[in-house]
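The file coords_7.pdb contains PDB, C-alpha atoms:
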ATOM      1  CA  MET A 445     144.339  51.324  51.320
ATOM      2  CA  PHE A 446     143.919  54.102  53.869
ATOM      3  CA  ALA A 447     144.798  56.630  51.176
ATOM      4  CA  SER A 448     142.005  55.420  48.889
ATOM      5  CA  TYR A 449     139.442  55.644  51.740
ATOM      6  CA  PHE A 450     140.669  59.114  52.619
ATOM      7  CA  LEU A 451     140.503  60.238  48.973
ATOM      8  CA  THR A 452     136.947  58.883  48.637
ATOM      9  CA  PHE A 453     135.938  60.648  51.849
ATOM     10  CA  ALA A 454     137.533  63.925  50.745
ATOM     11  CA  ILE A 455     135.817  63.896  47.337
ATOM     12  CA  THR A 456     132.457  63.082  48.936
ATOM     13  CA  TRP A 457     132.899  65.898  51.472
ATOM     14  CA  ILE A 458     133.789  68.436  48.763
ATOM     15  CA  CYS A 459     130.735  67.453  46.699
ATOM     16  CA  LEU A 460     128.510  67.752  49.772
ATOM     17  CA  ILE A 461     129.856  71.206  50.625
ATOM     18  CA  GLU A 462     129.280  72.376  47.030
ATOM     19  CA  ALA A 463     125.701  71.082  47.079
ATOM     20  CA  VAL A 464     124.916  72.702  50.437
ATOM     21  CA  SER A 465     126.548  76.023  49.557
ATOM     22  CA  SER A 466     124.413  76.386  46.450
ATOM     23  CA  ALA A 467     121.135  75.625  48.222
ATOM     24  CA  ALA A 468     119.222  78.845  48.732
ATOM     25  CA  GLY A 469     116.795  77.466  51.323
ATOM     26  CA  TRP A 470     113.892  79.796  50.467
ATOM     27  CA  CYS A 471     112.937  81.525  47.230
ATOM     28  CA  TYR A 472     110.167  83.802  46.104
ATOM     29  CA  GLN A 473     107.795  82.067  43.707
ATOM     30  CA  CYS A 474     105.474  84.090  41.496
ATOM     31  CA  ASP A 475     104.803  85.008  37.896
ATOM     32  CA  TYR A 476     103.802  87.921  35.700
ATOM     33  CA  ARG A 477     100.118  87.608  36.670
ATOM     34  CA  GLU A 478     100.954  88.745  40.208
ATOM     35  CA  PRO A 479     101.264  92.573  40.431
ATOM     36  CA  ASN A 480     104.041  92.211  43.026
ATOM     37  CA  CYS A 481     106.133  90.034  40.698
ATOM     38  CA  GLN A 482     107.490  92.749  38.417
ATOM     39  CA  LEU A 483     111.060  93.950  37.896
ATOM     40  CA  ASN A 484     111.112  96.252  40.926
ATOM     41  CA  VAL A 485     109.345  94.666  43.872
ATOM     42  CA  ASP A 486     108.821  95.288  47.554
ATOM     43  CA  PRO A 487     109.984  92.213  49.519
ATOM     44  CA  THR A 488     107.411  92.840  52.239
ATOM     45  CA  ALA A 489     104.621  92.551  49.645
ATOM     46  CA  MET A 490     106.061  89.186  48.572
ATOM     47  CA  ALA A 491     106.197  87.619  52.056
ATOM     48  CA  HIS A 492     103.403  85.141  51.232
ATOM     49  CA  MET A 493     105.215  83.994  48.063
ATOM     50  CA  ARG A 494     108.060  82.132  49.808
ATOM     51  CA  VAL A 495     108.733  78.484  48.954
ATOM     52  CA  PRO A 496     111.399  76.058  50.243
ATOM     53  CA  CYS A 497     114.212  75.350  47.787
ATOM     54  CA  ASN A 498     117.084  72.850  47.791
ATOM     55  CA  GLY A 499     118.580  74.418  44.659
ATOM     56  CA  GLN A 500     119.126  77.976  43.542
ATOM     57  CA  CYS A 501     116.559  80.729  43.269
ATOM     58  CA  TYR A 502     115.918  82.149  39.827
ATOM     59  CA  ILE A 503     114.392  85.026  37.937
ATOM     60  CA  ARG A 504     113.247  83.975  34.475
ATOM     61  CA  ILE A 505     112.165  86.271  31.673
ATOM     62  CA  LYS A 506     110.317  84.773  28.742
ATOM     63  CA  GLU A 507     108.413  86.776  26.142
ATOM     64  CA  ASN A 508     108.628  89.909  28.351
ATOM     65  CA  GLN A 509     107.054  88.059  31.276
ATOM     66  CA  MET A 510     108.771  87.723  34.670
ATOM     67  CA  PHE A 511     108.831  84.531  36.761
ATOM     68  CA  ARG A 512     110.523  83.730  40.076
ATOM     69  CA  GLY A 513     111.040  80.389  41.795
ATOM     70  CA  CYS A 514     113.367  77.491  42.632
ATOM     71  CA  SER A 515     115.721  76.037  40.023
ATOM     72  CA  TRP A 516     114.612  72.459  40.674
ATOM     73  CA  GLU A 517     111.157  73.259  39.272
ATOM     74  CA  TYR A 518     112.697  73.258  35.799
ATOM     75  CA  GLY A 519     115.244  70.486  36.275
ATOM     76  CA  PHE A 520     118.302  72.655  36.957
ATOM     77  CA  MET A 521     120.006  70.213  39.301
ATOM     78  CA  GLN A 522     123.538  71.516  38.703
ATOM     79  CA  ARG A 523     124.612  74.856  40.146
ATOM     80  CA  LYS A 524     124.654  77.779  37.703
ATOM     81  CA  VAL A 525     126.935  80.804  37.993
ATOM     82  CA  PRO A 526     125.056  83.349  40.134
ATOM     83  CA  TYR A 527     123.976  86.707  38.672
ATOM     84  CA  THR A 528     124.954  85.752  35.135
ATOM     85  CA  LEU A 529     122.480  85.935  32.258
ATOM     86  CA  ILE A 530     121.873  82.423  30.937
ATOM     87  CA  TYR A 531     119.761  81.647  27.885
ATOM     88  CA  GLU A 532     118.118  78.211  28.146
ATOM     89  CA  GLN A 533     114.676  76.785  27.401
ATOM     90  CA  GLU A 534     113.825  79.831  25.254
ATOM     91  CA  ALA A 535     114.146  82.171  28.254
ATOM     92  CA  VAL A 536     116.709  84.341  30.032
ATOM     93  CA  TRP A 537     117.558  83.100  33.537
ATOM     94  CA  ILE A 538     119.384  84.683  36.474
ATOM     95  CA  PHE A 539     120.264  82.325  39.334
ATOM     96  CA  CYS A 540     121.349  83.153  42.892
ATOM     97  CA  ASP A 541     122.396  81.143  45.961
ATOM     98  CA  THR A 542     121.102  82.830  49.094
ATOM     99  CA  ALA A 543     117.706  82.834  50.775
ATOM    100  CA  LEU A 544     115.130  85.017  49.020
ATOM    101  CA  CYS A 545     117.789  86.397  46.682
ATOM    102  CA  ASN A 546     115.488  86.399  43.658
ATOM    103  CA  VAL A 547     113.779  89.607  44.701
ATOM    104  CA  SER A 548     116.052  91.545  42.328
ATOM    105  CA  PRO A 549     118.109  90.669  39.238
ATOM    106  CA  ASN A 550     120.997  92.762  40.609
ATOM    107  CA  ALA A 551     123.649  91.167  42.806
ATOM    108  CA  SER A 552     123.833  94.265  45.001
ATOM    109  CA  ALA A 553     120.126  94.382  45.824
TER     110      ALA A 553
END
Can I see the file as structure tokens?
Amino acid sequence: MFASYFLTFAITWICLIEAVSSAAGWCYQCDYREPNCQLNVDPTAMAHMRVPCNGQCYIRIKENQMFRGCSWEYGFMQRKVPYTLIYEQEAVWIFCDTALCNVSPNASA
């Protein structure tokens, strides 16, 4: 009986850690209409574009237009592999896990 409680607790704890570790906290949110929301951006110029996020940040490219925001806006509730090109919803997506990480599509930036 103790073993089943412990196993339930351990699985719950692992799921919680996974959910927290993939939460970025803050993401930049903008689209192609904003001059500071292009491929190469200056983070200081984007300071007013920060939004809270309980998921991952993303950069989305659709029809040669750039978008940035939080994954939960589009229903991505499950963690995606960071800095990997993903084609979904007729767009290319790049997800990342740390605060304000969607300033650049490169993992090193």
**Prompt:** What's the 9 Å shell around segment 505-521 of chain A, counting all atoms listed in the file, without same-chain residues fewer than 3 positions away, as number ranges by chain?
**Reply:** A: 468, 470-477, 481-483, 494-502, 524, 534-539, 546-547
Go ahead and save the residues from that selection, with C-alpha atoms, as a PDB file, in the frame of the given file.
ATOM      1  CA  ALA A 468     119.222  78.845  48.732  1.00  0.00           C
ATOM      2  CA  TRP A 470     113.892  79.796  50.467  1.00  0.00           C
ATOM      3  CA  CYS A 471     112.937  81.525  47.230  1.00  0.00           C
ATOM      4  CA  TYR A 472     110.167  83.802  46.104  1.00  0.00           C
ATOM      5  CA  GLN A 473     107.795  82.067  43.707  1.00  0.00           C
ATOM      6  CA  CYS A 474     105.474  84.090  41.496  1.00  0.00           C
ATOM      7  CA  ASP A 475     104.803  85.008  37.896  1.00  0.00           C
ATOM      8  CA  TYR A 476     103.802  87.921  35.700  1.00  0.00           C
ATOM      9  CA  ARG A 477     100.118  87.608  36.670  1.00  0.00           C
ATOM     10  CA  CYS A 481     106.133  90.034  40.698  1.00  0.00           C
ATOM     11  CA  GLN A 482     107.490  92.749  38.417  1.00  0.00           C
ATOM     12  CA  LEU A 483     111.060  93.950  37.896  1.00  0.00           C
ATOM     13  CA  ARG A 494     108.060  82.132  49.808  1.00  0.00           C
ATOM     14  CA  VAL A 495     108.733  78.484  48.954  1.00  0.00           C
ATOM     15  CA  PRO A 496     111.399  76.058  50.243  1.00  0.00           C
ATOM     16  CA  CYS A 497     114.212  75.350  47.787  1.00  0.00           C
ATOM     17  CA  ASN A 498     117.084  72.850  47.791  1.00  0.00           C
ATOM     18  CA  GLY A 499     118.580  74.418  44.659  1.00  0.00           C
ATOM     19  CA  GLN A 500     119.126  77.976  43.542  1.00  0.00           C
ATOM     20  CA  CYS A 501     116.559  80.729  43.269  1.00  0.00           C
ATOM     21  CA  TYR A 502     115.918  82.149  39.827  1.00  0.00           C
ATOM     22  CA  LYS A 524     124.654  77.779  37.703  1.00  0.00           C
ATOM     23  CA  GLU A 534     113.825  79.831  25.254  1.00  0.00           C
ATOM     24  CA  ALA A 535     114.146  82.171  28.254  1.00  0.00           C
ATOM     25  CA  VAL A 536     116.709  84.341  30.032  1.00  0.00           C
ATOM     26  CA  TRP A 537     117.558  83.100  33.537  1.00  0.00           C
ATOM     27  CA  ILE A 538     119.384  84.683  36.474  1.00  0.00           C
ATOM     28  CA  PHE A 539     120.264  82.325  39.334  1.00  0.00           C
ATOM     29  CA  ASN A 546     115.488  86.399  43.658  1.00  0.00           C
ATOM     30  CA  VAL A 547     113.779  89.607  44.701  1.00  0.00           C
TER      31      VAL A 547
END
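The residue that comes closest to Met490 of chain A, out of A:Ala467, A:Glu478, A:Gln522, A:Thr542 and on the basis of all atoms listed in the file, is A:Glu478.
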**Asked** What gap, in Å, lies between atom CA of Pro526 of chain A and atom CA of Asn484 of chain A?
**Response**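 Computing the Euclidean distance for atom CA of Pro526 of chain A and atom CA of Asn484 of chain A yields 19.0 Å.
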**Message:** Please report the interatomic distance between atom CA of Tyr531 of chain A and atom CA of Ile503 of chain A in Å with one decimal.
**Reply:**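 According to the coordinates, atom CA of Tyr531 of chain A and atom CA of Ile503 of chain A are separated by 11.9 Å.
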**Request:** Tell me, in Å to one decimal, how far atom CA of Pro487 of chain A is from atom CA of Leu544 of chain A.
**Result:**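 Answer for the atom CA of Pro487 of chain A to atom CA of Leu544 of chain A separation: 8.9 Å.
Within the 8 Å cut-off around Asn480 of chain A, using only C-alpha atoms and omitting residues fewer than 4 positions from it on the same chain, the listed residues are Val485, Asp486, Ala489 and Met490 of chain A.
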